[in-house]
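J.: So here's data30.pdb (PDB, C-alpha atoms).
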```pdb
ATOM      1  CA  MET M  82     -35.602  88.956 384.131  1.00  0.00           C
ATOM      2  CA  LYS M  83     -35.293  86.147 381.620  1.00  0.00           C
ATOM      3  CA  ILE M  84     -37.253  84.903 378.659  1.00  0.00           C
ATOM      4  CA  TYR M  85     -37.804  81.145 378.768  1.00  0.00           C
ATOM      5  CA  SER M  86     -38.270  79.076 375.604  1.00  0.00           C
ATOM      6  CA  LEU M  87     -39.591  75.520 375.374  1.00  0.00           C
ATOM      7  CA  HIS M  88     -37.932  73.506 372.615  1.00  0.00           C
ATOM      8  CA  ARG M  89     -38.602  70.188 370.959  1.00  0.00           C
ATOM      9  CA  GLY M  90     -35.484  69.327 369.069  1.00  0.00           C
ATOM     10  CA  ARG M  91     -34.288  72.610 367.585  1.00  0.00           C
ATOM     11  CA  LYS M  92     -37.733  74.125 367.196  1.00  0.00           C
ATOM     12  CA  VAL M  93     -39.006  76.694 369.711  1.00  0.00           C
ATOM     13  CA  LEU M  94     -42.594  75.824 370.569  1.00  0.00           C
ATOM     14  CA  VAL M  95     -43.550  78.368 373.236  1.00  0.00           C
ATOM     15  CA  ARG M  96     -41.927  81.343 374.949  1.00  0.00           C
ATOM     16  CA  ILE M  97     -42.528  82.633 378.464  1.00  0.00           C
ATOM     17  CA  ILE M  98     -41.918  86.349 378.802  1.00  0.00           C
ATOM     18  CA  PRO M  99     -41.771  88.459 381.980  1.00  0.00           C
ATOM     19  CA  ASP M 100     -44.384  91.118 382.633  1.00  0.00           C
ATOM     20  CA  GLY M 101     -43.525  92.879 385.877  1.00  0.00           C
ATOM     21  CA  GLN M 102     -43.188  90.303 388.661  1.00  0.00           C
ATOM     22  CA  LEU M 103     -45.285  87.719 386.796  1.00  0.00           C
ATOM     23  CA  TYR M 104     -45.055  86.030 383.396  1.00  0.00           C
ATOM     24  CA  ARG M 105     -47.097  85.550 380.240  1.00  0.00           C
ATOM     25  CA  ILE M 106     -47.007  82.607 377.844  1.00  0.00           C
ATOM     26  CA  GLU M 107     -46.557  83.595 374.214  1.00  0.00           C
ATOM     27  CA  TRP M 108     -48.722  81.017 372.473  1.00  0.00           C
ATOM     28  CA  PRO M 109     -47.995  80.483 368.763  1.00  0.00           C
ATOM     29  CA  ASP M 110     -51.680  80.483 367.798  1.00  0.00           C
ATOM     30  CA  ILE M 111     -53.571  82.836 370.154  1.00  0.00           C
ATOM     31  CA  GLY M 112     -51.020  85.361 371.414  1.00  0.00           C
ATOM     32  CA  LEU M 113     -50.311  86.200 375.053  1.00  0.00           C
ATOM     33  CA  SER M 114     -51.840  84.475 378.059  1.00  0.00           C
ATOM     34  CA  ASP M 115     -53.037  86.009 381.295  1.00  0.00           C
ATOM     35  CA  LEU M 116     -50.501  86.801 384.014  1.00  0.00           C
ATOM     36  CA  VAL M 117     -49.269  83.757 385.970  1.00  0.00           C
ATOM     37  CA  ASN M 118     -46.272  82.813 388.095  1.00  0.00           C
ATOM     38  CA  LEU M 119     -43.286  81.143 386.453  1.00  0.00           C
ATOM     39  CA  THR M 120     -44.021  77.640 387.761  1.00  0.00           C
ATOM     40  CA  ARG M 121     -47.591  77.715 386.444  1.00  0.00           C
ATOM     41  CA  ALA M 122     -46.455  79.141 383.101  1.00  0.00           C
ATOM     42  CA  LYS M 123     -43.872  76.388 382.611  1.00  0.00           C
ATOM     43  CA  ALA M 124     -46.345  73.663 383.601  1.00  0.00           C
ATOM     44  CA  ALA M 125     -49.046  74.967 381.242  1.00  0.00           C
ATOM     45  CA  ALA M 126     -46.609  75.367 378.345  1.00  0.00           C
ATOM     46  CA  LEU M 127     -45.206  71.863 378.814  1.00  0.00           C
ATOM     47  CA  GLU M 128     -48.680  70.322 379.055  1.00  0.00           C
ATOM     48  CA  TRP M 129     -49.754  72.099 375.862  1.00  0.00           C
ATOM     49  CA  ALA M 130     -46.583  70.985 374.042  1.00  0.00           C
ATOM     50  CA  GLU M 131     -47.015  67.370 375.135  1.00  0.00           C
ATOM     51  CA  ARG M 132     -50.615  67.283 373.913  1.00  0.00           C
ATOM     52  CA  LYS M 133     -49.561  68.844 370.623  1.00  0.00           C
ATOM     53  CA  ALA M 134     -46.778  66.284 370.212  1.00  0.00           C
ATOM     54  CA  VAL M 135     -49.108  63.352 370.873  1.00  0.00           C
ATOM     55  CA  THR M 136     -51.603  64.737 368.366  1.00  0.00           C
ATOM     56  CA  GLU M 137     -48.962  65.308 365.676  1.00  0.00           C
ATOM     57  CA  ASP M 138     -47.349  61.900 366.240  1.00  0.00           C
ATOM     58  CA  ARG M 139     -50.617  59.949 366.446  1.00  0.00           C
ATOM     59  CA  LYS M 140     -49.607  57.646 363.565  1.00  0.00           C
ATOM     60  CA  LEU M 141     -46.458  56.485 365.369  1.00  0.00           C
ATOM     61  CA  PRO M 142     -46.457  53.362 367.553  1.00  0.00           C
ATOM     62  CA  VAL M 143     -47.428  54.026 371.187  1.00  0.00           C
ATOM     63  CA  ALA M 144     -43.982  53.252 372.604  1.00  0.00           C
ATOM     64  CA  ARG M 145     -42.336  55.685 370.203  1.00  0.00           C
ATOM     65  CA  ARG M 146     -44.912  58.410 370.999  1.00  0.00           C
ATOM     66  CA  LEU M 147     -44.250  58.073 374.715  1.00  0.00           C
ATOM     67  CA  LYS M 148     -40.494  58.177 374.162  1.00  0.00           C
ATOM     68  CA  SER M 149     -40.830  61.345 372.074  1.00  0.00           C
ATOM     69  CA  LEU M 150     -42.322  63.160 375.082  1.00  0.00           C
ATOM     70  CA  ASN M 151     -38.837  63.217 376.617  1.00  0.00           C
ATOM     71  CA  ASN M 152     -37.519  65.469 373.834  1.00  0.00           C
ATOM     72  CA  PHE M 153     -38.596  68.780 375.389  1.00  0.00           C
ATOM     73  CA  TRP M 154     -36.100  71.137 376.970  1.00  0.00           C
ATOM     74  CA  TRP M 155     -36.045  74.691 378.339  1.00  0.00           C
ATOM     75  CA  SER M 156     -33.628  77.486 377.573  1.00  0.00           C
ATOM     76  CA  SER M 157     -33.464  80.978 378.989  1.00  0.00           C
ATOM     77  CA  SER M 158     -31.931  84.187 377.819  1.00  0.00           C
ATOM     78  CA  PRO M 159     -31.388  87.410 379.731  1.00  0.00           C
ATOM     79  CA  MET M 160     -33.653  90.290 378.815  1.00  0.00           C
ATOM     80  CA  ARG M 161     -33.016  93.957 379.359  1.00  0.00           C
ATOM     81  CA  TYR M 162     -35.688  95.437 381.515  1.00  0.00           C
ATOM     82  CA  PHE M 163     -37.096  98.715 380.250  1.00  0.00           C
ATOM     83  CA  SER M 164     -39.204 100.722 382.621  1.00  0.00           C
ATOM     84  CA  LYS M 165     -42.001 102.957 381.384  1.00  0.00           C
ATOM     85  CA  ALA M 166     -39.899 106.020 382.184  1.00  0.00           C
ATOM     86  CA  ALA M 167     -36.968 104.850 380.062  1.00  0.00           C
ATOM     87  CA  PRO M 168     -38.088 106.477 376.764  1.00  0.00           C
ATOM     88  CA  GLU M 169     -38.069 109.879 378.463  1.00  0.00           C
ATOM     89  CA  LEU M 170     -34.384 109.533 379.227  1.00  0.00           C
ATOM     90  CA  HIS M 171     -33.551 109.474 375.529  1.00  0.00           C
ATOM     91  CA  LEU M 172     -35.367 112.699 374.672  1.00  0.00           C
ATOM     92  CA  ARG M 173     -33.020 115.453 373.710  1.00  0.00           C
ATOM     93  CA  ALA M 174     -33.861 118.942 372.590  1.00  0.00           C
ATOM     94  CA  ALA M 175     -32.836 119.748 369.060  1.00  0.00           C
ATOM     95  CA  PRO M 176     -30.374 122.634 368.749  1.00  0.00           C
ATOM     96  CA  GLY M 177     -32.239 125.931 368.604  1.00  0.00           C
ATOM     97  CA  SER M 178     -35.563 124.511 369.808  1.00  0.00           C
ATOM     98  CA  GLN M 179     -37.525 125.850 372.764  1.00  0.00           C
ATOM     99  CA  ARG M 180     -38.111 122.422 374.293  1.00  0.00           C
ATOM    100  CA  GLU M 181     -35.823 121.358 377.095  1.00  0.00           C
ATOM    101  CA  ALA M 182     -34.688 117.858 377.886  1.00  0.00           C
ATOM    102  CA  PRO M 183     -36.014 116.456 381.163  1.00  0.00           C
ATOM    103  CA  SER M 184     -33.703 116.980 384.114  1.00  0.00           C
ATOM    104  CA  PHE M 185     -33.088 114.197 386.612  1.00  0.00           C
TER     105      PHE M 185
END
```
Would you write out, as structure tokens, the structure that this file holds?

T.:
Amino acid sequence: MKIYSLHRGRKVLVRIIPDGQLYRIEWPDIGLSDLVNLTRAKAAALEWAERKAVTEDRKLPVARRLKSLNNFWWSSSPMRYFSKAAPELHLRAAPGSQREAPSF
């Protein structure tokens, strides 16, 4: 699984994070989105970023605003997948305690 980030220049605008087999968009203002597939998540994030860019650059000439819409790019980074059972694997009984570590 990978985390995808949408950039404009050097600034990360939006991240797409895996949640099981589907993905969630990590919006900067409202938190996590509902579960969607990767294609839909990328399309929604890019559409949001383009609208934000047009709004922020509204005082620029039209030709320059349109050209600035080509400055978005995606990056991805590998993410370690932790299952819900993973924390149990790290439990160890303290010396002299009655509790036993789980056996697998």

J.: Expand the PyMOL selection byres ((chain M and resi 114) around 12) into the explicit residue set it covers here, and present it as JSON, numbers by chain.

T.: {"M": [95, 96, 97, 98, 99, 100, 103, 104, 105, 106, 107, 108, 109, 110, 111, 112, 113, 115, 116, 117, 118, 121, 122, 125, 126]}

J.: When you draw a straight line from atom CA of M:Val135 to atom CA of M:Trp154, how long is it in Å?

T.: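 A separation of 16.3 Å between them.
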
J.: Convert the output of the PyMOL selection byres ((chain M and resi 86) around 8) on the shown file into explicit residues, formatted as a tab-separated table (two decimals) with C-alpha atoms, keeping the file's coordinate frame.

T.:
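What landed in result19.tsv:
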```tsv
chain	number	residue	atom	x	y	z
M	84	ILE	CA	-37.25	84.90	378.66
M	85	TYR	CA	-37.80	81.14	378.77
M	87	LEU	CA	-39.59	75.52	375.37
M	88	HIS	CA	-37.93	73.51	372.62
M	93	VAL	CA	-39.01	76.69	369.71
M	94	LEU	CA	-42.59	75.82	370.57
M	95	VAL	CA	-43.55	78.37	373.24
M	96	ARG	CA	-41.93	81.34	374.95
M	97	ILE	CA	-42.53	82.63	378.46
M	155	TRP	CA	-36.04	74.69	378.34
M	156	SER	CA	-33.63	77.49	377.57
M	157	SER	CA	-33.46	80.98	378.99
```

J.: Between atom CA of M:Gln102 and atom CA of M:Glu131, what distance in Å does the model show, to one decimal?

T.: 26.9 Å
